[in-house]
$ cat input14.pdb   # PDB, C-alpha atoms
MODEL        1
ATOM      1  CA  MET A   1      20.864  16.210 -21.502
ATOM      2  CA  ARG A   2      17.899  18.531 -20.839
ATOM      3  CA  GLN A   3      19.599  21.152 -23.000
ATOM      4  CA  PHE A   4      20.016  18.678 -25.852
ATOM      5  CA  VAL A   5      16.327  17.691 -25.715
ATOM      6  CA  VAL A   6      15.305  21.344 -26.023
ATOM      7  CA  VAL A   7      17.680  21.878 -28.950
ATOM      8  CA  ALA A   8      16.344  18.730 -30.638
ATOM      9  CA  GLU A   9      12.784  19.975 -30.219
ATOM     10  CA  GLU A  10      13.468  23.516 -31.457
ATOM     11  CA  LEU A  11      16.146  22.731 -34.061
ATOM     12  CA  ASN A  12      17.196  26.327 -33.492
ATOM     13  CA  PHE A  13      19.885  27.404 -31.030
ATOM     14  CA  ARG A  14      18.422  30.872 -30.469
ATOM     15  CA  ARG A  15      14.944  29.596 -29.584
ATOM     16  CA  ALA A  16      16.408  26.766 -27.522
ATOM     17  CA  ALA A  17      18.565  29.220 -25.549
ATOM     18  CA  GLU A  18      15.494  31.374 -24.871
ATOM     19  CA  ARG A  19      13.554  28.369 -23.539
ATOM     20  CA  LEU A  20      16.494  27.438 -21.325
ATOM     21  CA  HIS A  21      16.919  31.024 -20.075
ATOM     22  CA  MET A  22      20.543  31.167 -21.171
ATOM     23  CA  THR A  23      22.587  32.725 -23.942
ATOM     24  CA  GLN A  24      23.407  30.928 -27.196
ATOM     25  CA  PRO A  25      27.238  30.608 -26.969
ATOM     26  CA  PRO A  26      27.356  28.466 -23.788
ATOM     27  CA  LEU A  27      24.561  26.297 -25.207
ATOM     28  CA  SER A  28      26.628  25.651 -28.337
ATOM     29  CA  VAL A  29      29.628  24.778 -26.168
ATOM     30  CA  ALA A  30      27.476  22.402 -24.090
ATOM     31  CA  MET A  31      26.299  20.562 -27.235
ATOM     32  CA  ARG A  32      29.879  20.151 -28.495
ATOM     33  CA  ASN A  33      30.928  18.820 -25.087
ATOM     34  CA  LEU A  34      28.011  16.368 -25.151
ATOM     35  CA  GLU A  35      28.995  15.108 -28.605
ATOM     36  CA  ASP A  36      32.593  14.679 -27.419
ATOM     37  CA  ALA A  37      31.358  12.670 -24.430
ATOM     38  CA  VAL A  38      29.100  10.455 -26.582
ATOM     39  CA  GLY A  39      31.730  10.084 -29.281
ATOM     40  CA  VAL A  40      29.558  10.792 -32.320
ATOM     41  CA  SER A  41      27.913  13.771 -33.971
ATOM     42  CA  LEU A  42      24.370  14.336 -32.695
ATOM     43  CA  LEU A  43      23.523  17.558 -34.550
ATOM     44  CA  ASP A  44      24.033  18.510 -38.184
ATOM     45  CA  ARG A  45      24.701  22.268 -38.098
ATOM     46  CA  SER A  46      24.906  24.755 -40.940
ATOM     47  CA  LYS A  47      24.247  28.451 -41.320
ATOM     48  CA  HIS A  48      20.734  27.710 -42.492
ATOM     49  CA  HIS A  49      19.577  24.741 -40.426
ATOM     50  CA  VAL A  50      20.075  22.460 -37.452
ATOM     51  CA  ARG A  51      19.114  18.817 -37.905
ATOM     52  CA  LEU A  52      19.425  15.652 -35.843
ATOM     53  CA  THR A  53      21.830  13.059 -37.166
ATOM     54  CA  PRO A  54      20.632   9.415 -37.055
ATOM     55  CA  ALA A  55      22.632   9.016 -33.832
ATOM     56  CA  GLY A  56      21.114  12.249 -32.529
ATOM     57  CA  ALA A  57      17.574  10.994 -33.201
ATOM     58  CA  VAL A  58      18.275   7.849 -31.142
ATOM     59  CA  PHE A  59      19.931   9.859 -28.391
ATOM     60  CA  TYR A  60      16.943  12.241 -28.302
ATOM     61  CA  GLN A  61      14.454   9.412 -27.669
ATOM     62  CA  GLU A  62      16.622   7.836 -24.968
ATOM     63  CA  ALA A  63      17.317  11.203 -23.340
ATOM     64  CA  LYS A  64      13.573  11.897 -23.056
ATOM     65  CA  ARG A  65      13.087   8.526 -21.321
ATOM     66  CA  ILE A  66      15.955   9.174 -18.923
ATOM     67  CA  LEU A  67      14.632  12.614 -18.018
ATOM     68  CA  GLN A  68      11.168  11.154 -17.457
ATOM     69  CA  TYR A  69      12.565   8.435 -15.186
ATOM     70  CA  THR A  70      14.611  11.046 -13.337
ATOM     71  CA  ALA A  71      11.522  13.158 -12.736
ATOM     72  CA  GLN A  72       9.617  10.101 -11.526
ATOM     73  CA  ALA A  73      12.470   9.115  -9.225
ATOM     74  CA  ARG A  74      12.608  12.627  -7.791
ATOM     75  CA  GLU A  75       8.850  12.698  -7.222
ATOM     76  CA  ARG A  76       8.737   9.235  -5.639
ATOM     77  CA  ALA A  77      11.634  10.121  -3.355
ATOM     78  CA  ARG A  78       9.813  13.308  -2.331
ATOM     79  CA  LEU A  79       6.557  11.438  -1.663
ATOM     80  CA  THR A  80       8.358   8.700   0.275
ATOM     81  CA  GLY A  81      10.178  11.266   2.390
ATOM     82  CA  MET A  82       6.810  12.868   3.212
ATOM     83  CA  GLY A  83       5.250   9.501   4.100
ATOM     84  CA  HIS A  84       2.961   9.488   1.041
ATOM     85  CA  GLU A  85       4.583   6.378  -0.453
ATOM     86  CA  GLY A  86       6.134   3.264   1.005
ATOM     87  CA  SER A  87       4.811   0.715   3.457
ATOM     88  CA  LEU A  88       3.921   0.421   7.124
ATOM     89  CA  ARG A  89       4.047  -2.753   9.205
ATOM     90  CA  LEU A  90       1.393  -2.307  11.881
ATOM     91  CA  SER A  91       0.460  -4.734  14.636
ATOM     92  CA  PHE A  92      -2.478  -4.303  17.000
ATOM     93  CA  VAL A  93      -4.398  -5.964  19.790
ATOM     94  CA  PRO A  94      -7.464  -7.561  18.150
ATOM     95  CA  SER A  95     -10.012  -5.663  20.268
ATOM     96  CA  ALA A  96      -8.712  -2.388  18.806
ATOM     97  CA  ALA A  97      -9.753  -3.612  15.364
ATOM     98  CA  LEU A  98     -13.371  -3.338  16.498
ATOM     99  CA  ASP A  99     -13.256   0.217  17.782
ATOM    100  CA  VAL A 100     -10.264   2.436  17.060
ATOM    101  CA  LEU A 101      -8.812   1.133  13.798
ATOM    102  CA  PRO A 102     -11.613   0.888  11.203
ATOM    103  CA  ALA A 103     -12.078   4.658  10.915
ATOM    104  CA  VAL A 104      -8.303   5.203  10.980
ATOM    105  CA  PHE A 105      -7.714   2.708   8.154
ATOM    106  CA  LYS A 106     -10.428   4.283   6.021
ATOM    107  CA  GLN A 107      -9.124   7.833   6.450
ATOM    108  CA  PHE A 108      -5.481   6.826   6.050
ATOM    109  CA  GLN A 109      -6.063   4.964   2.785
ATOM    110  CA  GLN A 110      -7.970   7.938   1.392
ATOM    111  CA  ALA A 111      -5.193  10.367   2.341
ATOM    112  CA  TYR A 112      -2.234   8.087   1.499
ATOM    113  CA  PRO A 113      -3.262   5.763  -1.364
ATOM    114  CA  GLY A 114       0.385   5.125  -2.231
ATOM    115  CA  VAL A 115       1.148   3.478   1.125
ATOM    116  CA  ARG A 116       0.789  -0.253   1.585
ATOM    117  CA  LEU A 117      -0.252  -1.489   5.036
ATOM    118  CA  HIS A 118       0.977  -4.826   6.360
ATOM    119  CA  LEU A 119      -1.258  -5.741   9.304
ATOM    120  CA  THR A 120      -0.993  -8.349  12.046
ATOM    121  CA  ALA A 121      -3.103  -8.920  15.164
ATOM    122  CA  GLU A 122      -1.017  -9.953  18.173
ATOM    123  CA  THR A 123      -0.864  -9.804  21.941
ATOM    124  CA  THR A 124       0.918  -6.862  23.559
ATOM    125  CA  THR A 125       3.935  -8.920  24.639
ATOM    126  CA  ARG A 126       4.556 -10.272  21.142
ATOM    127  CA  GLN A 127       4.044  -6.843  19.590
ATOM    128  CA  LEU A 128       6.703  -5.274  21.778
ATOM    129  CA  GLN A 129       9.104  -8.097  20.912
ATOM    130  CA  ASP A 130       8.470  -7.518  17.198
ATOM    131  CA  LEU A 131       9.100  -3.768  17.590
ATOM    132  CA  ARG A 132      12.450  -4.344  19.255
ATOM    133  CA  ASN A 133      13.439  -6.970  16.679
ATOM    134  CA  GLY A 134      12.565  -4.658  13.797
ATOM    135  CA  ARG A 135       9.754  -6.848  12.463
ATOM    136  CA  THR A 136       7.106  -4.116  12.799
ATOM    137  CA  ASP A 137       7.109  -0.326  12.537
ATOM    138  CA  LEU A 138       4.214   0.576  14.816
ATOM    139  CA  ALA A 139       2.222  -1.298  17.461
ATOM    140  CA  LEU A 140      -1.131  -0.544  19.059
ATOM    141  CA  VAL A 141      -0.848  -2.159  22.483
ATOM    142  CA  VAL A 142      -2.472  -2.107  25.895
ATOM    143  CA  GLY A 143      -0.567   0.120  28.303
ATOM    144  CA  PRO A 144       1.148   0.921  30.427
ATOM    145  CA  VAL A 145       4.379  -0.307  28.853
ATOM    146  CA  HIS A 146       6.630  -0.804  31.860
ATOM    147  CA  ASP A 147       9.840  -1.643  29.980
ATOM    148  CA  ALA A 148       9.825   1.125  27.376
ATOM    149  CA  GLY A 149      13.575   1.334  26.819
ATOM    150  CA  GLY A 150      14.272   2.213  23.188
ATOM    151  CA  LEU A 151      10.592   2.818  22.467
ATOM    152  CA  LEU A 152       8.500   5.945  21.965
ATOM    153  CA  ILE A 153       5.027   5.735  23.503
ATOM    154  CA  GLU A 154       1.936   7.792  22.665
ATOM    155  CA  ALA A 155      -1.216   7.282  24.744
ATOM    156  CA  LEU A 156      -4.631   7.247  23.109
ATOM    157  CA  LYS A 157      -8.005   7.786  24.749
ATOM    158  CA  PRO A 158      -8.840   5.324  27.598
ATOM    159  CA  GLN A 159     -10.930   2.285  26.722
ATOM    160  CA  THR A 160     -13.861   1.170  28.879
ATOM    161  CA  PHE A 161     -14.372  -2.233  30.480
ATOM    162  CA  VAL A 162     -17.721  -3.996  30.486
ATOM    163  CA  VAL A 163     -18.653  -7.218  32.290
ATOM    164  CA  ALA A 164     -19.268 -10.292  30.150
ATOM    165  CA  MET A 165     -21.360 -13.026  31.737
ATOM    166  CA  PRO A 166     -23.553 -15.919  30.651
ATOM    167  CA  ALA A 167     -26.988 -14.789  29.537
ATOM    168  CA  ASP A 168     -28.658 -17.059  32.094
ATOM    169  CA  HIS A 169     -26.580 -15.712  35.010
ATOM    170  CA  ALA A 170     -28.689 -14.427  37.914
ATOM    171  CA  LEU A 171     -27.073 -10.958  37.704
ATOM    172  CA  ALA A 172     -27.724 -10.737  33.971
ATOM    173  CA  CYS A 173     -31.473 -11.301  33.915
ATOM    174  CA  ASN A 174     -33.116  -8.136  32.571
ATOM    175  CA  ALA A 175     -30.094  -6.078  33.626
ATOM    176  CA  ARG A 176     -28.078  -3.510  31.683
ATOM    177  CA  SER A 177     -25.465  -2.852  34.347
ATOM    178  CA  VAL A 178     -23.857  -4.529  37.315
ATOM    179  CA  ARG A 179     -21.836  -3.536  40.357
ATOM    180  CA  VAL A 180     -18.264  -4.843  40.493
ATOM    181  CA  ARG A 181     -18.739  -5.450  44.223
ATOM    182  CA  ASP A 182     -21.347  -8.066  43.388
ATOM    183  CA  LEU A 183     -18.771 -10.068  41.437
ATOM    184  CA  ALA A 184     -16.459 -10.822  44.366
ATOM    185  CA  ASN A 185     -17.427 -14.494  44.584
ATOM    186  CA  GLU A 186     -17.590 -15.125  40.833
ATOM    187  CA  PRO A 187     -15.058 -17.208  38.852
ATOM    188  CA  PHE A 188     -13.228 -15.037  36.327
ATOM    189  CA  VAL A 189     -11.899 -15.727  32.856
ATOM    190  CA  SER A 190      -8.866 -13.540  32.159
ATOM    191  CA  PHE A 191      -6.178 -12.629  29.698
ATOM    192  CA  PRO A 192      -2.781 -14.261  30.506
ATOM    193  CA  ASN A 193      -0.489 -11.848  32.308
ATOM    194  CA  VAL A 194       2.500 -13.045  30.273
ATOM    195  CA  GLU A 195       0.752 -11.979  27.050
ATOM    196  CA  GLY A 196      -0.685  -8.677  28.221
ATOM    197  CA  ALA A 197       0.508  -7.376  31.561
ATOM    198  CA  GLY A 198      -1.174  -3.985  31.095
ATOM    199  CA  PHE A 199      -4.624  -5.470  30.482
ATOM    200  CA  THR A 200      -4.303  -7.864  33.416
ATOM    201  CA  ALA A 201      -3.133  -5.066  35.719
ATOM    202  CA  ALA A 202      -6.122  -2.931  34.732
ATOM    203  CA  LEU A 203      -8.514  -5.822  35.431
ATOM    204  CA  LEU A 204      -6.981  -6.389  38.873
ATOM    205  CA  MET A 205      -7.201  -2.669  39.646
ATOM    206  CA  VAL A 206     -10.934  -2.587  38.883
ATOM    207  CA  CYS A 207     -11.578  -5.500  41.233
ATOM    208  CA  ARG A 208      -9.339  -4.175  44.001
ATOM    209  CA  GLN A 209     -11.174  -0.863  43.952
ATOM    210  CA  ALA A 210     -14.257  -2.923  44.758
ATOM    211  CA  GLY A 211     -12.469  -4.613  47.662
ATOM    212  CA  PHE A 212     -11.500  -8.040  46.318
ATOM    213  CA  THR A 213      -9.008  -9.966  44.211
ATOM    214  CA  PRO A 214     -10.626 -11.869  41.342
ATOM    215  CA  HIS A 215     -10.620 -15.663  41.414
ATOM    216  CA  ILE A 216      -9.260 -16.484  37.953
ATOM    217  CA  VAL A 217     -10.174 -20.001  36.844
ATOM    218  CA  GLN A 218      -9.490 -19.842  33.102
ATOM    219  CA  GLU A 219      -7.221 -17.875  30.769
ATOM    220  CA  ALA A 220      -7.343 -17.203  27.015
ATOM    221  CA  SER A 221      -5.095 -15.006  24.862
ATOM    222  CA  GLN A 222      -7.865 -13.805  22.503
ATOM    223  CA  MET A 223     -10.946 -11.811  23.520
ATOM    224  CA  GLN A 224     -13.236 -13.889  21.332
ATOM    225  CA  ALA A 225     -11.935 -17.021  23.060
ATOM    226  CA  ILE A 226     -12.662 -15.392  26.439
ATOM    227  CA  LEU A 227     -16.251 -14.739  25.355
ATOM    228  CA  THR A 228     -16.529 -18.360  24.224
ATOM    229  CA  LEU A 229     -15.499 -19.534  27.690
ATOM    230  CA  VAL A 230     -18.011 -17.140  29.243
ATOM    231  CA  ALA A 231     -20.731 -18.454  26.934
ATOM    232  CA  GLY A 232     -19.857 -21.968  28.132
ATOM    233  CA  GLY A 233     -20.532 -20.967  31.716
ATOM    234  CA  LEU A 234     -16.922 -21.241  32.867
ATOM    235  CA  GLY A 235     -16.850 -17.776  34.419
ATOM    236  CA  ILE A 236     -17.354 -14.057  33.875
ATOM    237  CA  ALA A 237     -14.876 -11.578  32.414
ATOM    238  CA  LEU A 238     -13.988  -7.930  32.100
ATOM    239  CA  VAL A 239     -13.634  -7.193  28.384
ATOM    240  CA  PRO A 240     -13.324  -4.038  26.237
ATOM    241  CA  ALA A 241     -16.603  -2.283  25.515
ATOM    242  CA  ALA A 242     -15.679  -2.609  21.840
ATOM    243  CA  MET A 243     -16.621  -6.287  22.114
ATOM    244  CA  ARG A 244     -20.253  -5.142  21.908
ATOM    245  CA  ARG A 245     -19.673  -5.075  18.155
ATOM    246  CA  LEU A 246     -19.428  -8.868  18.246
ATOM    247  CA  HIS A 247     -22.733 -10.555  18.901
ATOM    248  CA  MET A 248     -22.353 -13.885  20.660
ATOM    249  CA  ASP A 249     -25.256 -16.033  21.742
ATOM    250  CA  ASP A 250     -25.463 -16.847  25.428
ATOM    251  CA  VAL A 251     -23.293 -13.857  26.433
ATOM    252  CA  VAL A 252     -24.446 -10.477  27.724
ATOM    253  CA  LEU A 253     -22.234  -7.420  28.194
ATOM    254  CA  LEU A 254     -23.174  -5.213  31.139
ATOM    255  CA  ASP A 255     -22.002  -1.712  32.014
ATOM    256  CA  ILE A 256     -20.276  -1.103  35.310
ATOM    257  CA  GLU A 257     -22.538   1.155  37.330
ATOM    258  CA  GLU A 258     -20.300   2.353  40.167
ATOM    259  CA  PRO A 259     -19.107   5.886  39.313
ATOM    260  CA  ASP A 260     -16.431   5.704  42.008
ATOM    261  CA  ILE A 261     -14.648   2.787  40.325
ATOM    262  CA  VAL A 262     -12.306   3.586  37.445
ATOM    263  CA  HIS A 263     -13.017   0.868  34.890
ATOM    264  CA  THR A 264     -10.810   1.855  31.974
ATOM    265  CA  TYR A 265      -7.501   0.794  30.472
ATOM    266  CA  ASP A 266      -5.058   2.537  28.153
ATOM    267  CA  LEU A 267      -4.375   1.916  24.499
ATOM    268  CA  VAL A 268      -0.989   3.239  23.391
ATOM    269  CA  LEU A 269       0.932   3.422  20.139
ATOM    270  CA  ALA A 270       4.537   2.276  20.426
ATOM    271  CA  ARG A 271       7.410   2.545  17.981
ATOM    272  CA  ALA A 272      11.167   2.052  18.101
ATOM    273  CA  GLU A 273      13.187   5.239  18.546
ATOM    274  CA  ALA A 274      15.620   4.145  15.827
ATOM    275  CA  ASN A 275      12.912   3.539  13.206
ATOM    276  CA  ASP A 276      12.980   6.421  10.685
ATOM    277  CA  ASN A 277      10.149   5.224   8.420
ATOM    278  CA  PRO A 278       8.353   8.505   7.520
ATOM    279  CA  VAL A 279       5.042   6.665   7.050
ATOM    280  CA  ILE A 280       4.899   6.218  10.829
ATOM    281  CA  HIS A 281       4.380   9.955  11.313
ATOM    282  CA  ALA A 282       1.721  10.082   8.596
ATOM    283  CA  PHE A 283      -0.191   7.258  10.290
ATOM    284  CA  LEU A 284       0.140   8.853  13.740
ATOM    285  CA  ALA A 285      -1.233  12.125  12.368
ATOM    286  CA  THR A 286      -4.243  10.253  10.968
ATOM    287  CA  VAL A 287      -4.876   8.538  14.317
ATOM    288  CA  ARG A 288      -4.829  11.879  16.118
ATOM    289  CA  GLU A 289      -7.242  13.409  13.610
ATOM    290  CA  CYS A 290      -9.664  10.499  13.947
ATOM    291  CA  LEU A 291      -9.608  10.610  17.742
ATOM    292  CA  GLU A 292     -10.111  14.378  17.796
ATOM    293  CA  SER A 293     -13.133  14.058  15.511
ATOM    294  CA  THR A 294     -14.789  11.598  17.918
ATOM    295  CA  GLU A 295     -14.289  13.669  21.061
TER     296      GLU A 295
ENDMDL
END
$ encode --input "input14.pdb" --output "structure tokens"
Amino acid sequence: MRQFVVVAEELNFRRAAERLHMTQPPLSVAMRNLEDAVGVSLLDRSKHHVRLTPAGAVFYQEAKRILQYTAQARERARLTGMGHEGSLRLSFVPSAALDVLPAVFKQFQQAYPGVRLHLTAETTTRQLQDLRNGRTDLALVVGPVHDAGGLLIEALKPQTFVVAMPADHALACNARSVRVRDLANEPFVSFPNVEGAGFTAALLMVCRQAGFTPHIVQEASQMQAILTLVAGGLGIALVPAAMRRLHMDDVVLLDIEEPDIVHTYDLVLARAEANDNPVIHAFLATVRECLESTE
């Protein structure tokens, strides 16, 4: 078909053969074979000219379209295989949307404009269920992931806890930091363990390093809801430092001042081993670049 298009454009077998980097006899044979396959004459040949028949003129226009579609199909397949086209279903813990993800989204969309992102904010437990059920491609969750069977896990930089407490709390007055040891007798608002075991485990570890187990009086499965409960005076909470980006009246966020207490938790990217979506690798590469640029 490509050979016929060149012949139709040149209307000269010698020049057409030169463009195709072949000799004239096999090109003539190829055109006769094409006419036999189509069932009509496409070229009017004589010693002095080569012209398109009416059928040949129609076939020429359709052949150009087919070759164009073929080239587009080849290019789109190449781009999809490289992760430059397609879609990515990404879920994330909402607090990550305040810190890690905005810069990643911006850079990824600039580098991969042909990729469509489908985004959902969910708890870690639900994200892992969606990964295993094939409803998402990639999940940004709070680690560690204890039951990682069938999943590939990549740890990101640790995230820092801060203490959220009512603005009128005695420990909050004119303070920028607080000691965890001074919170031993405080009521805590926490994330439900069933929704995010990694986050809850990290919270308990911070308190146990200070010598106590927190007295949890309320639970909420969204960080903004936790801050609302804190604002209402129902307790204090350990929340991601990224929550500083949300201003809420009647709540202050204080740094933890004890250097001997590890007050961080892990964010990890999880994906199913069997998922071969090439966009996953393109997105992971962008995440790594963004994190390296902030170190």
$ closest_atom_pairs --input "input14.pdb" --of "range 5-116 of chain A" --to "range 231-239 of chain A" --cutoff "12 Å" --atoms "all atoms listed in the file" --output "JSON lines"
{"residue": "A:Pro94", "atom": "CA", "partner": "A:Val239", "partner_atom": "CA", "distance": 12.0}
{"residue": "A:Ser95", "atom": "CA", "partner": "A:Val239", "partner_atom": "CA", "distance": 9.0}
{"residue": "A:Ala96", "atom": "CA", "partner": "A:Val239", "partner_atom": "CA", "distance": 11.8}
$ closest_residue --input "input14.pdb" --among "A:Ser177, A:Gln218, A:Gln209, A:Thr200" --to "Ile256 in chain A" --atoms "all atoms listed in the file"
A:Ser177
$ residues_around --input "input14.pdb" --residues "range 1-8 of chain A" --least-positions-apart "6" --cutoff "7 Å" --atoms "all atoms listed in the file" --output "ChimeraX atom specification"
/A:16,31,52,60,63-64
$ atom_distance --input "input14.pdb" --atom1 "CA of Phe283 in chain A" --atom2 "CA of Thr70 in chain A"
28.1 Å
$ closest_atom_pairs --input "input14.pdb" --of "range 91-116 of chain A" --to "range 124-145 of chain A" --cutoff "7 Å" --atoms "all atoms listed in the file" --output "JSON lines"
{"residue": "A:Ser91", "atom": "CA", "partner": "A:Ala139", "partner_atom": "CA", "distance": 4.8}
{"residue": "A:Phe92", "atom": "CA", "partner": "A:Leu140", "partner_atom": "CA", "distance": 4.5}
{"residue": "A:Val93", "atom": "CA", "partner": "A:Val141", "partner_atom": "CA", "distance": 5.9}
$ decode --input "input14.pdb" --residues "range 144-165 of chain A" --atoms "N, CA, C and O atoms" --output "tab-separated table (two decimals), in the first residue's frame"
chain	number	residue	atom	x	y	z
A	144	PRO	N	3.96	0.93	58.32
A	144	PRO	CA	4.30	-0.20	57.45
A	144	PRO	C	3.08	-0.99	57.02
A	144	PRO	O	2.06	-0.98	57.70
A	145	VAL	N	3.20	-1.67	55.87
A	145	VAL	CA	2.14	-2.56	55.40
A	145	VAL	C	2.51	-3.97	55.86
A	145	VAL	O	3.44	-4.58	55.33
A	146	HIS	N	1.80	-4.45	56.85
A	146	HIS	CA	2.19	-5.74	57.46
A	146	HIS	C	1.84	-6.93	56.57
A	146	HIS	O	2.59	-7.90	56.51
A	147	ASP	N	0.70	-6.88	55.91
A	147	ASP	CA	0.31	-7.98	55.02
A	147	ASP	C	0.53	-7.52	53.58
A	147	ASP	O	-0.38	-7.02	52.93
A	148	ALA	N	1.77	-7.66	53.12
A	148	ALA	CA	2.14	-7.13	51.80
A	148	ALA	C	2.17	-8.21	50.73
A	148	ALA	O	2.75	-8.01	49.67
A	149	GLY	N	1.55	-9.35	50.98
A	149	GLY	CA	1.55	-10.41	49.99
A	149	GLY	C	0.94	-9.97	48.67
A	149	GLY	O	-0.17	-9.44	48.64
A	150	GLY	N	1.65	-10.15	47.58
A	150	GLY	CA	1.18	-9.76	46.26
A	150	GLY	C	1.35	-8.29	45.94
A	150	GLY	O	0.95	-7.85	44.86
A	151	LEU	N	1.97	-7.54	46.86
A	151	LEU	CA	2.15	-6.11	46.65
A	151	LEU	C	3.63	-5.76	46.60
A	151	LEU	O	4.47	-6.42	47.22
A	152	LEU	N	3.95	-4.71	45.86
A	152	LEU	CA	5.29	-4.13	45.85
A	152	LEU	C	5.23	-2.81	46.60
A	152	LEU	O	4.36	-1.98	46.34
A	153	ILE	N	6.16	-2.62	47.54
A	153	ILE	CA	6.13	-1.47	48.44
A	153	ILE	C	7.39	-0.63	48.24
A	153	ILE	O	8.50	-1.16	48.17
A	154	GLU	N	7.21	0.68	48.15
A	154	GLU	CA	8.33	1.61	48.04
A	154	GLU	C	8.16	2.71	49.08
A	154	GLU	O	7.17	3.46	49.04
A	155	ALA	N	9.09	2.80	50.01
A	155	ALA	CA	9.00	3.79	51.09
A	155	ALA	C	9.42	5.17	50.60
A	155	ALA	O	10.36	5.32	49.82
A	156	LEU	N	8.70	6.18	51.07
A	156	LEU	CA	9.05	7.56	50.81
A	156	LEU	C	9.69	8.16	52.05
A	156	LEU	O	9.92	7.46	53.04
A	157	LYS	N	9.97	9.46	52.03
A	157	LYS	CA	10.61	10.06	53.20
A	157	LYS	C	9.64	10.08	54.38
A	157	LYS	O	8.43	10.24	54.21
A	158	PRO	N	10.15	9.89	55.63
A	158	PRO	CA	9.28	9.90	56.81
A	158	PRO	C	8.54	11.22	56.97
A	158	PRO	O	9.06	12.28	56.61
A	159	GLN	N	7.33	11.13	57.49
A	159	GLN	CA	6.51	12.31	57.76
A	159	GLN	C	6.51	12.60	59.26
A	159	GLN	O	6.53	11.69	60.08
A	160	THR	N	6.45	13.86	59.62
A	160	THR	CA	6.59	14.28	61.02
A	160	THR	C	5.23	14.51	61.67
A	160	THR	O	4.32	15.08	61.06
A	161	PHE	N	5.13	14.04	62.91
A	161	PHE	CA	3.95	14.33	63.74
A	161	PHE	C	4.09	15.70	64.40
A	161	PHE	O	5.19	16.14	64.75
A	162	VAL	N	2.96	16.36	64.57
A	162	VAL	CA	2.85	17.52	65.46
A	162	VAL	C	1.68	17.26	66.39
A	162	VAL	O	0.85	16.37	66.15
A	163	VAL	N	1.60	18.03	67.47
A	163	VAL	CA	0.52	17.87	68.44
A	163	VAL	C	-0.55	18.93	68.17
A	163	VAL	O	-0.25	20.13	68.13
A	164	ALA	N	-1.77	18.47	67.97
A	164	ALA	CA	-2.91	19.38	67.80
A	164	ALA	C	-3.65	19.47	69.12
A	164	ALA	O	-3.99	18.44	69.73
A	165	MET	N	-3.90	20.68	69.58
A	165	MET	CA	-4.66	20.87	70.82
A	165	MET	C	-5.49	22.14	70.74
A	165	MET	O	-5.22	23.02	69.91
